[in-house]
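Everything below belongs to protein31.pdb, which stores PDB, C-alpha atoms and all ligand atoms.
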```pdb
ATOM      1  CA  MET A   9      19.631  42.234  33.660
ATOM      2  CA  LYS A  10      21.243  41.801  30.242
ATOM      3  CA  ALA A  11      23.363  38.889  31.505
ATOM      4  CA  ILE A  12      20.337  37.130  32.905
ATOM      5  CA  ARG A  13      18.426  37.504  29.624
ATOM      6  CA  LEU A  14      21.458  36.207  27.685
ATOM      7  CA  ALA A  15      21.756  33.190  29.989
ATOM      8  CA  GLY A  16      18.046  32.553  29.556
ATOM      9  CA  SER A  17      18.277  32.634  25.736
ATOM     10  CA  LEU A  18      21.317  30.368  25.830
ATOM     11  CA  ALA A  19      19.459  27.843  27.991
ATOM     12  CA  ILE A  20      16.518  27.820  25.538
ATOM     13  CA  VAL A  21      18.799  27.332  22.519
ATOM     14  CA  MET A  22      20.661  24.506  24.282
ATOM     15  CA  PHE A  23      17.410  22.824  25.288
ATOM     16  CA  PHE A  24      16.151  22.737  21.688
ATOM     17  CA  SER A  25      19.522  21.611  20.285
ATOM     18  CA  VAL A  26      19.604  18.655  22.653
ATOM     19  CA  ALA A  27      15.962  17.803  21.848
ATOM     20  CA  LEU A  28      16.724  17.962  18.126
ATOM     21  CA  MET A  29      19.843  15.782  18.461
ATOM     22  CA  GLY A  30      17.836  13.232  20.420
ATOM     23  CA  SER A  31      15.114  12.950  17.784
ATOM     24  CA  SER A  32      17.499  12.669  14.813
ATOM     25  CA  ALA A  33      19.469   9.966  16.627
ATOM     26  CA  ARG A  34      16.228   8.056  17.165
ATOM     27  CA  ALA A  35      15.255   8.416  13.488
ATOM     28  CA  GLN A  36      18.617   6.942  12.463
ATOM     29  CA  ASP A  37      18.327   4.085  14.917
ATOM     30  CA  THR A  38      14.978   3.009  13.463
ATOM     31  CA  PRO A  39      15.394   0.665  10.476
ATOM     32  CA  GLU A  40      13.431   1.783   7.436
ATOM     33  CA  HIS A  41      11.207  -1.287   7.473
ATOM     34  CA  VAL A  42       9.950  -0.664  11.004
ATOM     35  CA  HIS A  43       6.787   1.354  10.540
ATOM     36  CA  ALA A  44       4.546   3.398  12.748
ATOM     37  CA  LYS A  45       1.650   1.497  14.291
ATOM     38  CA  ALA A  46      -1.351   1.888  12.028
ATOM     39  CA  GLU A  47      -5.005   1.047  12.315
ATOM     40  CA  LEU A  48      -5.571  -2.462  10.958
ATOM     41  CA  SER A  49      -7.760  -2.829   7.881
ATOM     42  CA  THR A  50     -10.835  -4.950   8.477
ATOM     43  CA  ASP A  51     -12.562  -4.908   5.099
ATOM     44  CA  LEU A  52     -12.080  -3.672   1.549
ATOM     45  CA  THR A  53     -14.240  -1.166  -0.285
ATOM     46  CA  LEU A  54     -14.062  -1.454  -4.040
ATOM     47  CA  ASP A  55     -15.246   1.522  -6.069
ATOM     48  CA  VAL A  56     -15.480   0.845  -9.792
ATOM     49  CA  ASP A  57     -16.360   4.059 -11.622
ATOM     50  CA  GLY A  58     -18.641   5.064  -8.751
ATOM     51  CA  LYS A  59     -20.195   1.668  -8.024
ATOM     52  CA  THR A  60     -19.078   0.510  -4.568
ATOM     53  CA  THR A  61     -18.928  -2.927  -2.960
ATOM     54  CA  THR A  62     -17.531  -3.742   0.479
ATOM     55  CA  LEU A  63     -15.880  -7.126   0.877
ATOM     56  CA  SER A  64     -15.039  -8.796   4.160
ATOM     57  CA  ILE A  65     -11.803 -10.728   4.635
ATOM     58  CA  THR A  66     -13.847 -13.937   4.642
ATOM     59  CA  GLU A  67     -15.332 -13.018   1.246
ATOM     60  CA  LEU A  68     -11.869 -12.244  -0.146
ATOM     61  CA  GLN A  69     -10.536 -15.577   1.134
ATOM     62  CA  ALA A  70     -13.472 -17.446  -0.418
ATOM     63  CA  MET A  71     -12.482 -16.244  -3.909
ATOM     64  CA  PRO A  72      -9.893 -18.125  -6.052
ATOM     65  CA  GLN A  73      -6.478 -17.557  -4.435
ATOM     66  CA  LYS A  74      -3.091 -16.833  -5.902
ATOM     67  CA  THR A  75       0.282 -17.171  -4.161
ATOM     68  CA  VAL A  76       3.286 -15.056  -5.130
ATOM     69  CA  THR A  77       6.813 -14.932  -3.747
ATOM     70  CA  VAL A  78       8.457 -11.515  -3.821
ATOM     71  CA  HIS A  79      11.759 -10.170  -2.599
ATOM     72  CA  ASN A  80      11.355  -7.281  -0.165
ATOM     73  CA  ALA A  81      14.279  -4.942  -0.861
ATOM     74  CA  HIS A  82      13.814  -3.306   2.543
ATOM     75  CA  THR A  83      13.701  -6.357   4.764
ATOM     76  CA  LYS A  84      16.007  -8.255   2.320
ATOM     77  CA  MET A  85      13.727 -11.267   2.726
ATOM     78  CA  ASP A  86      11.694 -13.360   0.325
ATOM     79  CA  GLU A  87       8.060 -13.117   1.302
ATOM     80  CA  THR A  88       5.250 -15.369   0.068
ATOM     81  CA  TYR A  89       1.841 -13.738  -0.070
ATOM     82  CA  THR A  90      -1.547 -15.325  -0.759
ATOM     83  CA  GLY A  91      -4.696 -13.508  -1.785
ATOM     84  CA  VAL A  92      -6.971 -12.544  -4.645
ATOM     85  CA  ALA A  93      -5.500 -11.395  -7.957
ATOM     86  CA  LEU A  94      -6.590  -7.774  -8.415
ATOM     87  CA  ASP A  95      -7.609  -8.387 -12.047
ATOM     88  CA  ASP A  96      -9.915 -11.225 -10.914
ATOM     89  CA  LEU A  97     -11.431  -8.956  -8.290
ATOM     90  CA  LEU A  98     -12.071  -6.200 -10.835
ATOM     91  CA  ALA A  99     -13.483  -8.679 -13.339
ATOM     92  CA  LYS A 100     -15.999  -9.819 -10.735
ATOM     93  CA  TYR A 101     -17.014  -6.297  -9.680
ATOM     94  CA  GLY A 102     -17.500  -4.369 -12.891
ATOM     95  CA  ALA A 103     -14.222  -3.976 -14.773
ATOM     96  CA  ALA A 104     -13.612  -7.180 -16.716
ATOM     97  CA  LEU A 105     -11.073  -7.086 -19.533
ATOM     98  CA  ASP A 106     -12.545  -8.210 -22.856
ATOM     99  CA  LYS A 107     -12.659  -7.000 -26.476
ATOM    100  CA  THR A 108     -15.384  -4.449 -25.780
ATOM    101  CA  SER A 109     -13.818  -3.060 -22.559
ATOM    102  CA  GLN A 110     -10.182  -2.986 -23.681
ATOM    103  CA  ARG A 111     -10.113   0.764 -24.296
ATOM    104  CA  ARG A 112     -11.728   1.454 -20.947
ATOM    105  CA  ILE A 113      -9.033  -0.603 -19.169
ATOM    106  CA  LEU A 114      -6.245   1.148 -21.067
ATOM    107  CA  ARG A 115      -7.615   4.527 -19.952
ATOM    108  CA  SER A 116      -8.196   3.737 -16.293
ATOM    109  CA  TYR A 117      -6.155   3.908 -13.112
ATOM    110  CA  LEU A 118      -6.414   2.387  -9.651
ATOM    111  CA  ARG A 119      -6.015   4.332  -6.435
ATOM    112  CA  VAL A 120      -5.111   2.007  -3.563
ATOM    113  CA  GLU A 121      -5.438   3.460  -0.071
ATOM    114  CA  GLY A 122      -4.517   2.271   3.443
ATOM    115  CA  THR A 123      -6.064   3.087   6.826
ATOM    116  CA  ASP A 124      -3.324   5.697   7.352
ATOM    117  CA  HIS A 125      -4.444   7.404   4.086
ATOM    118  CA  TYR A 126      -1.205   6.491   2.326
ATOM    119  CA  PHE A 127      -2.186   5.847  -1.285
ATOM    120  CA  VAL A 128      -0.572   4.911  -4.587
ATOM    121  CA  LEU A 129      -1.687   4.624  -8.199
ATOM    122  CA  TYR A 130      -1.443   1.765 -10.663
ATOM    123  CA  SER A 131      -2.565   1.958 -14.249
ATOM    124  CA  ALA A 132      -5.323  -0.589 -14.853
ATOM    125  CA  ALA A 133      -3.300  -2.150 -17.693
ATOM    126  CA  GLU A 134      -0.356  -2.980 -15.400
ATOM    127  CA  ILE A 135      -2.498  -5.060 -13.061
ATOM    128  CA  GLU A 136      -4.038  -7.095 -15.913
ATOM    129  CA  GLY A 137      -2.308 -10.463 -16.284
ATOM    130  CA  ALA A 138      -3.338 -10.588 -19.950
ATOM    131  CA  ILE A 139      -1.533  -7.299 -20.666
ATOM    132  CA  HIS A 140       1.328  -6.945 -18.208
ATOM    133  CA  GLN A 141       3.992  -9.161 -16.595
ATOM    134  CA  GLY A 142       3.732 -10.141 -12.989
ATOM    135  CA  ASP A 143       1.029 -10.334 -10.371
ATOM    136  CA  VAL A 144      -0.728  -7.692  -8.351
ATOM    137  CA  ILE A 145      -2.622  -9.328  -5.517
ATOM    138  CA  VAL A 146      -4.782  -8.275  -2.611
ATOM    139  CA  ALA A 147      -3.071 -10.443  -0.001
ATOM    140  CA  THR A 148      -4.656 -11.691   3.200
ATOM    141  CA  SER A 149      -1.777 -13.861   4.411
ATOM    142  CA  MET A 150       2.024 -14.029   4.326
ATOM    143  CA  ASP A 151       4.080 -17.204   4.688
ATOM    144  CA  GLY A 152       0.910 -19.064   5.635
ATOM    145  CA  LYS A 153       0.153 -16.741   8.542
ATOM    146  CA  GLY A 154      -1.821 -13.532   9.061
ATOM    147  CA  LEU A 155      -0.284 -10.228   8.038
ATOM    148  CA  GLY A 156       0.218  -8.962  11.602
ATOM    149  CA  GLU A 157       0.736  -5.206  11.761
ATOM    150  CA  ASP A 158       0.399  -5.001   7.951
ATOM    151  CA  GLY A 159      -3.320  -5.447   8.623
ATOM    152  CA  ALA A 160      -5.709  -7.980   7.261
ATOM    153  CA  ILE A 161      -5.246  -6.778   3.685
ATOM    154  CA  LYS A 162      -2.080  -5.770   1.817
ATOM    155  CA  LEU A 163      -1.556  -5.032  -1.853
ATOM    156  CA  VAL A 164       1.592  -6.634  -3.288
ATOM    157  CA  ALA A 165       3.002  -6.206  -6.815
ATOM    158  CA  SER A 166       5.582  -8.759  -7.951
ATOM    159  CA  GLU A 167       7.177  -6.588 -10.644
ATOM    160  CA  ASP A 168       7.973  -3.571  -8.491
ATOM    161  CA  LYS A 169      11.664  -3.587  -7.505
ATOM    162  CA  LYS A 170      10.907  -1.757  -4.256
ATOM    163  CA  PRO A 171       7.965  -2.140  -1.871
ATOM    164  CA  MET A 172       6.745   1.466  -1.994
ATOM    165  CA  ARG A 173       3.591   0.570  -3.908
ATOM    166  CA  TRP A 174       2.803  -2.367  -1.636
ATOM    167  CA  VAL A 175       0.091  -0.806   0.460
ATOM    168  CA  ARG A 176      -0.378  -2.084   4.007
ATOM    169  CA  ASN A 177      -3.776  -2.038   5.706
ATOM    170  CA  VAL A 178      -5.646  -1.522   2.443
ATOM    171  CA  THR A 179      -9.195  -0.274   2.963
ATOM    172  CA  LYS A 180     -10.152   1.146  -0.401
ATOM    173  CA  ILE A 181      -9.432   0.495  -4.085
ATOM    174  CA  THR A 182     -10.879   2.976  -6.540
ATOM    175  CA  PHE A 183     -10.978   2.250 -10.266
ATOM    176  CA  VAL A 184     -11.247   5.468 -12.279
ATOM    177  CA  THR A 185     -11.716   5.730 -16.016
ATOM    178  CA  VAL A 186     -10.163   8.880 -17.453
ATOM    179  CA  ASN A 187     -12.346  10.479 -20.088
TER     180      ASN A 187
HETATM  181  N1  LIG A 201      -0.355   1.890   4.387
HETATM  182  C1  LIG A 201       0.902   2.158   4.058
HETATM  183  N2  LIG A 201       1.535   1.358   3.181
HETATM  184  C2  LIG A 201       2.809   1.632   2.831
HETATM  185  C3  LIG A 201       3.491   2.773   3.324
HETATM  186  C4  LIG A 201       2.787   3.605   4.240
HETATM  187  O1  LIG A 201       3.296   4.614   4.742
HETATM  188  N3  LIG A 201       1.505   3.254   4.576
HETATM  189  N4  LIG A 201       4.795   3.014   2.944
HETATM  190  C5  LIG A 201       5.242   2.412   1.694
HETATM  191  C6  LIG A 201       6.660   2.501   1.511
HETATM  192  S1  LIG A 201       7.276   4.000   1.055
HETATM  193  C7  LIG A 201       7.480   1.408   1.617
HETATM  194  S2  LIG A 201       9.101   1.497   1.233
HETATM  195  C8  LIG A 201       6.950   0.115   2.037
HETATM  196  C9  LIG A 201       7.769  -0.475   3.158
HETATM  197  O2  LIG A 201       7.063  -1.507   3.744
HETATM  198  P1  LIG A 201       7.746  -2.729   4.453
HETATM  199  O3  LIG A 201       8.660  -2.163   5.460
HETATM  200  O4  LIG A 201       6.596  -3.447   5.050
HETATM  201  O5  LIG A 201       8.438  -3.507   3.404
HETATM  202  O6  LIG A 201       5.580   0.166   2.393
HETATM  203  C10 LIG A 201       4.806   0.958   1.570
HETATM  204  N5  LIG A 201       3.431   0.802   1.953
HETATM  205 MO    MO A 202       9.586   3.802   1.177
END
```
This structure in structure tokens:
Amino acid sequence: MKAIRLAGSLAIVMFFSVALMGSSARAQDTPEHVHAKAELSTDLTLDVDGKTTTLSITELQAMPQKTVTVHNAHTKMDETYTGVALDDLLAKYGAALDKTSQRRILRSYLRVEGTDHYFVLYSAAEIEGAIHQGDVIVATSMDGKGLGEDGAIKLVASEDKKPMRWVRNVTKITFVTVN
């Protein structure tokens, strides 16, 4: 009886060890830049201190466009993105930077979220071309083509050394003023 139970326990332990080894081997085989399939973004909701606007891809592409070339440290490739500058977008929808709104901009942050609920923060000042170096754009194409599995909309920041704040499949950008 005891021997049978021991053999049974041993079989269970071995089963889980093999399963565990299999999954860690798979994780190592997968390059970091290959991501899980995510729901593609189809439009962008902008929330500026509680006032929301939903923009279609067509509407985003009809706005003045900016093209930036960035180096993706993960794929080790230069990538050229085209889209709307985030400061232009905010200026149009309720958070323009001028003398009277300067303090508000300095005390606000942006929460950028993808369809998979991954989100990151930027300070409003670091996306303003008049205040900070570089470009932060809401891209709708890369290298003249669609974004593929990155969805219809991707946020790209030229000054970040790594792509962790480049949000794929962006669906929502929330501008929050901290009081
Ligand atoms: N929507 C979404 N965007 C995301 C992520 C994510 O999990 N979901 N991961 C981030 C991280 S941590 C990195 S390093 C980069 C990698 O993206 P890439 O492989 O397309 O360069 O995407 C960023 N953007
Ligand atoms: Mo990452």
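Distance check against ligand LIG 201 (chain A) using all atoms listed in the file: of A:Asp86, A:Asp57, A:Glu121, A:Asp95, the minimum falls on A:Glu121.
Interatomic distance, atom CA of A:Leu52 against atom CA of A:Gly122: 9.8 Å.
Nearest to ligand LIG 201 (chain A) of all the residues A:Thr75, A:Thr90, A:Thr60, A:Asn177 is A:Asn177, based on only C-alpha atoms and all ligand atoms.
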I want to know what sits within 9 Å of A:Arg112, based on only C-alpha atoms, with residues of the same chain fewer than 4 positions away left out; could you give that as a ChimeraX atom specification?
/A:103,105,108,116,185-186
Can you list what the PyMOL selection byres (((chain A and resi 183) around 8) and not hetatm) grabs from this structure, as a ChimeraX atom specification?
/A:54-57,116-119,132,181-182,184-185
Which polymer residues have any atom within 7 Å of an atom of A:Gly142, counting all atoms listed in the file, with same-chain residues fewer than 4 positions away left out, as a PyMOL selection string?
chain A and resi 137+166-167
Distance table requested - chain A against ligand LIG 201 (chain A), cut-off 6 Å, all atoms listed in the file: one row per qualifying residue with the closest atom pair and its distance in Å to one decimal, ordered by chain and rising residue number, as a Markdown table.
```
| residue | atom | partner | partner_atom | distance |
| --- | --- | --- | --- | --- |
| A:His41 | CA | A:LIG201 | O3 | 3.4 |
| A:Val42 | CA | A:LIG201 | O3 | 5.9 |
| A:Asn80 | CA | A:LIG201 | O5 | 6.0 |
| A:His82 | CA | A:LIG201 | O5 | 5.4 |
| A:Gly122 | CA | A:LIG201 | N1 | 4.3 |
| A:Asp124 | CA | A:LIG201 | N1 | 5.7 |
| A:Tyr126 | CA | A:LIG201 | N3 | 4.8 |
| A:Pro171 | CA | A:LIG201 | C8 | 4.6 |
| A:Met172 | CA | A:LIG201 | C6 | 3.7 |
| A:Arg173 | CA | A:LIG201 | C10 | 5.6 |
| A:Trp174 | CA | A:LIG201 | N5 | 4.8 |
| A:Val175 | CA | A:LIG201 | N2 | 3.8 |
| A:Arg176 | CA | A:LIG201 | N1 | 4.0 |
| A:Asn177 | CA | A:LIG201 | N1 | 5.4 |
```
Target residues per the PyMOL selection byres (((chain A and resi 158) around 12) and not hetatm), formatted as a count of residues only:
35
Between atom CA of A:Met71 and atom CA of A:Thr88 lies a distance of 18.2 Å
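If you measure from each of A:Arg13, A:Asp168, A:Ile135, A:Asp143 to A:Ala99 using all atoms listed in the file, the closest one turns out to be A:Ile135.
Counting from atom CA of A:Lys59, the distance to atom CA of A:Val76 is 29.0 Å.
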Nearest to ligand MO 202 (chain A) among A:Lys107, A:Lys100, A:His140, A:Lys169, with distances taken over all atoms listed in the file: which residue is it?
A:Lys169
What would stretch 96-107 of chain A look like with all heavy atoms in place, written as a PDB file, in the frame of the given file?
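Wrote out-v5.pdb, looks like this:
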```pdb
ATOM      1  N   ASP A  96      -8.739 -10.369 -11.160  1.00  0.00           N
ATOM      2  CA  ASP A  96      -9.915 -11.225 -10.914  1.00  0.00           C
ATOM      3  C   ASP A  96     -10.983 -10.462 -10.127  1.00  0.00           C
ATOM      4  O   ASP A  96     -12.167 -10.553 -10.418  1.00  0.00           O
ATOM      5  CB  ASP A  96      -9.525 -12.471 -10.091  1.00  0.00           C
ATOM      6  CG  ASP A  96      -8.716 -13.482 -10.894  1.00  0.00           C
ATOM      7  OD1 ASP A  96      -8.619 -13.326 -12.129  1.00  0.00           O
ATOM      8  OD2 ASP A  96      -8.176 -14.429 -10.275  1.00  0.00           O
ATOM      9  N   LEU A  97     -10.513  -9.721  -9.138  1.00  0.00           N
ATOM     10  CA  LEU A  97     -11.431  -8.956  -8.290  1.00  0.00           C
ATOM     11  C   LEU A  97     -12.182  -7.912  -9.126  1.00  0.00           C
ATOM     12  O   LEU A  97     -13.400  -7.772  -9.029  1.00  0.00           O
ATOM     13  CB  LEU A  97     -10.611  -8.270  -7.191  1.00  0.00           C
ATOM     14  CG  LEU A  97     -11.357  -7.796  -5.952  1.00  0.00           C
ATOM     15  CD1 LEU A  97     -11.991  -8.961  -5.209  1.00  0.00           C
ATOM     16  CD2 LEU A  97     -10.398  -7.060  -5.032  1.00  0.00           C
ATOM     17  N   LEU A  98     -11.443  -7.216  -9.977  1.00  0.00           N
ATOM     18  CA  LEU A  98     -12.071  -6.200 -10.835  1.00  0.00           C
ATOM     19  C   LEU A  98     -13.023  -6.838 -11.838  1.00  0.00           C
ATOM     20  O   LEU A  98     -14.097  -6.305 -12.114  1.00  0.00           O
ATOM     21  CB  LEU A  98     -11.004  -5.387 -11.565  1.00  0.00           C
ATOM     22  CG  LEU A  98     -10.233  -4.414 -10.682  1.00  0.00           C
ATOM     23  CD1 LEU A  98      -9.105  -3.779 -11.468  1.00  0.00           C
ATOM     24  CD2 LEU A  98     -11.156  -3.336 -10.118  1.00  0.00           C
ATOM     25  N   ALA A  99     -12.626  -7.993 -12.370  1.00  0.00           N
ATOM     26  CA  ALA A  99     -13.483  -8.679 -13.339  1.00  0.00           C
ATOM     27  C   ALA A  99     -14.827  -9.019 -12.705  1.00  0.00           C
ATOM     28  O   ALA A  99     -15.879  -8.880 -13.316  1.00  0.00           O
ATOM     29  CB  ALA A  99     -12.794  -9.938 -13.839  1.00  0.00           C
ATOM     30  N   LYS A 100     -14.781  -9.427 -11.442  1.00  0.00           N
ATOM     31  CA  LYS A 100     -15.999  -9.819 -10.735  1.00  0.00           C
ATOM     32  C   LYS A 100     -16.873  -8.607 -10.377  1.00  0.00           C
ATOM     33  O   LYS A 100     -18.085  -8.715 -10.299  1.00  0.00           O
ATOM     34  CB  LYS A 100     -15.614 -10.598  -9.474  1.00  0.00           C
ATOM     35  CG  LYS A 100     -16.801 -11.269  -8.813  1.00  0.00           C
ATOM     36  CD  LYS A 100     -16.380 -12.286  -7.784  1.00  0.00           C
ATOM     37  CE  LYS A 100     -17.631 -12.788  -7.032  1.00  0.00           C
ATOM     38  NZ  LYS A 100     -17.283 -13.659  -5.923  1.00  0.00           N
ATOM     39  N   TYR A 101     -16.253  -7.461 -10.155  1.00  0.00           N
ATOM     40  CA  TYR A 101     -17.014  -6.297  -9.680  1.00  0.00           C
ATOM     41  C   TYR A 101     -17.053  -5.125 -10.657  1.00  0.00           C
ATOM     42  O   TYR A 101     -16.983  -3.963 -10.252  1.00  0.00           O
ATOM     43  CB  TYR A 101     -16.518  -5.872  -8.292  1.00  0.00           C
ATOM     44  CG  TYR A 101     -16.818  -6.947  -7.271  1.00  0.00           C
ATOM     45  CD1 TYR A 101     -15.828  -7.853  -6.875  1.00  0.00           C
ATOM     46  CD2 TYR A 101     -18.106  -7.106  -6.751  1.00  0.00           C
ATOM     47  CE1 TYR A 101     -16.114  -8.874  -5.969  1.00  0.00           C
ATOM     48  CE2 TYR A 101     -18.395  -8.126  -5.853  1.00  0.00           C
ATOM     49  CZ  TYR A 101     -17.403  -9.000  -5.464  1.00  0.00           C
ATOM     50  OH  TYR A 101     -17.688 -10.014  -4.578  1.00  0.00           O
ATOM     51  N   GLY A 102     -17.149  -5.426 -11.948  1.00  0.00           N
ATOM     52  CA  GLY A 102     -17.500  -4.369 -12.891  1.00  0.00           C
ATOM     53  C   GLY A 102     -16.437  -3.857 -13.835  1.00  0.00           C
ATOM     54  O   GLY A 102     -16.696  -2.936 -14.598  1.00  0.00           O
ATOM     55  N   ALA A 103     -15.222  -4.434 -13.815  1.00  0.00           N
ATOM     56  CA  ALA A 103     -14.222  -3.976 -14.773  1.00  0.00           C
ATOM     57  C   ALA A 103     -13.474  -5.163 -15.380  1.00  0.00           C
ATOM     58  O   ALA A 103     -12.258  -5.303 -15.247  1.00  0.00           O
ATOM     59  CB  ALA A 103     -13.249  -2.991 -14.133  1.00  0.00           C
ATOM     60  N   ALA A 104     -14.218  -6.018 -16.054  1.00  0.00           N
ATOM     61  CA  ALA A 104     -13.612  -7.180 -16.716  1.00  0.00           C
ATOM     62  C   ALA A 104     -12.893  -6.710 -17.978  1.00  0.00           C
ATOM     63  O   ALA A 104     -13.319  -5.756 -18.631  1.00  0.00           O
ATOM     64  CB  ALA A 104     -14.687  -8.192 -17.069  1.00  0.00           C
ATOM     65  N   LEU A 105     -11.799  -7.398 -18.294  1.00  0.00           N
ATOM     66  CA  LEU A 105     -11.073  -7.086 -19.533  1.00  0.00           C
ATOM     67  C   LEU A 105     -11.554  -8.020 -20.635  1.00  0.00           C
ATOM     68  O   LEU A 105     -11.408  -9.242 -20.546  1.00  0.00           O
ATOM     69  CB  LEU A 105      -9.563  -7.268 -19.313  1.00  0.00           C
ATOM     70  CG  LEU A 105      -8.677  -7.168 -20.558  1.00  0.00           C
ATOM     71  CD1 LEU A 105      -8.743  -5.771 -21.177  1.00  0.00           C
ATOM     72  CD2 LEU A 105      -7.229  -7.520 -20.218  1.00  0.00           C
ATOM     73  N   ASP A 106     -12.174  -7.437 -21.668  1.00  0.00           N
ATOM     74  CA  ASP A 106     -12.545  -8.210 -22.856  1.00  0.00           C
ATOM     75  C   ASP A 106     -12.439  -7.272 -24.068  1.00  0.00           C
ATOM     76  O   ASP A 106     -12.057  -6.109 -23.922  1.00  0.00           O
ATOM     77  CB  ASP A 106     -13.941  -8.830 -22.705  1.00  0.00           C
ATOM     78  CG  ASP A 106     -15.004  -7.800 -22.366  1.00  0.00           C
ATOM     79  OD1 ASP A 106     -14.952  -6.682 -22.925  1.00  0.00           O
ATOM     80  OD2 ASP A 106     -15.877  -8.091 -21.524  1.00  0.00           O
ATOM     81  N   LYS A 107     -12.787  -7.795 -25.236  1.00  0.00           N
ATOM     82  CA  LYS A 107     -12.659  -7.000 -26.476  1.00  0.00           C
ATOM     83  C   LYS A 107     -13.369  -5.654 -26.389  1.00  0.00           C
ATOM     84  O   LYS A 107     -12.838  -4.623 -26.777  1.00  0.00           O
ATOM     85  CB  LYS A 107     -13.227  -7.804 -27.660  1.00  0.00           C
ATOM     86  CG  LYS A 107     -12.169  -8.698 -28.301  1.00  0.00           C
ATOM     87  CD  LYS A 107     -11.933  -8.276 -29.757  1.00  0.00           C
ATOM     88  CE  LYS A 107     -10.519  -8.621 -30.218  1.00  0.00           C
ATOM     89  NZ  LYS A 107     -10.232 -10.071 -30.142  1.00  0.00           N
TER      90      LYS A 107
END
```
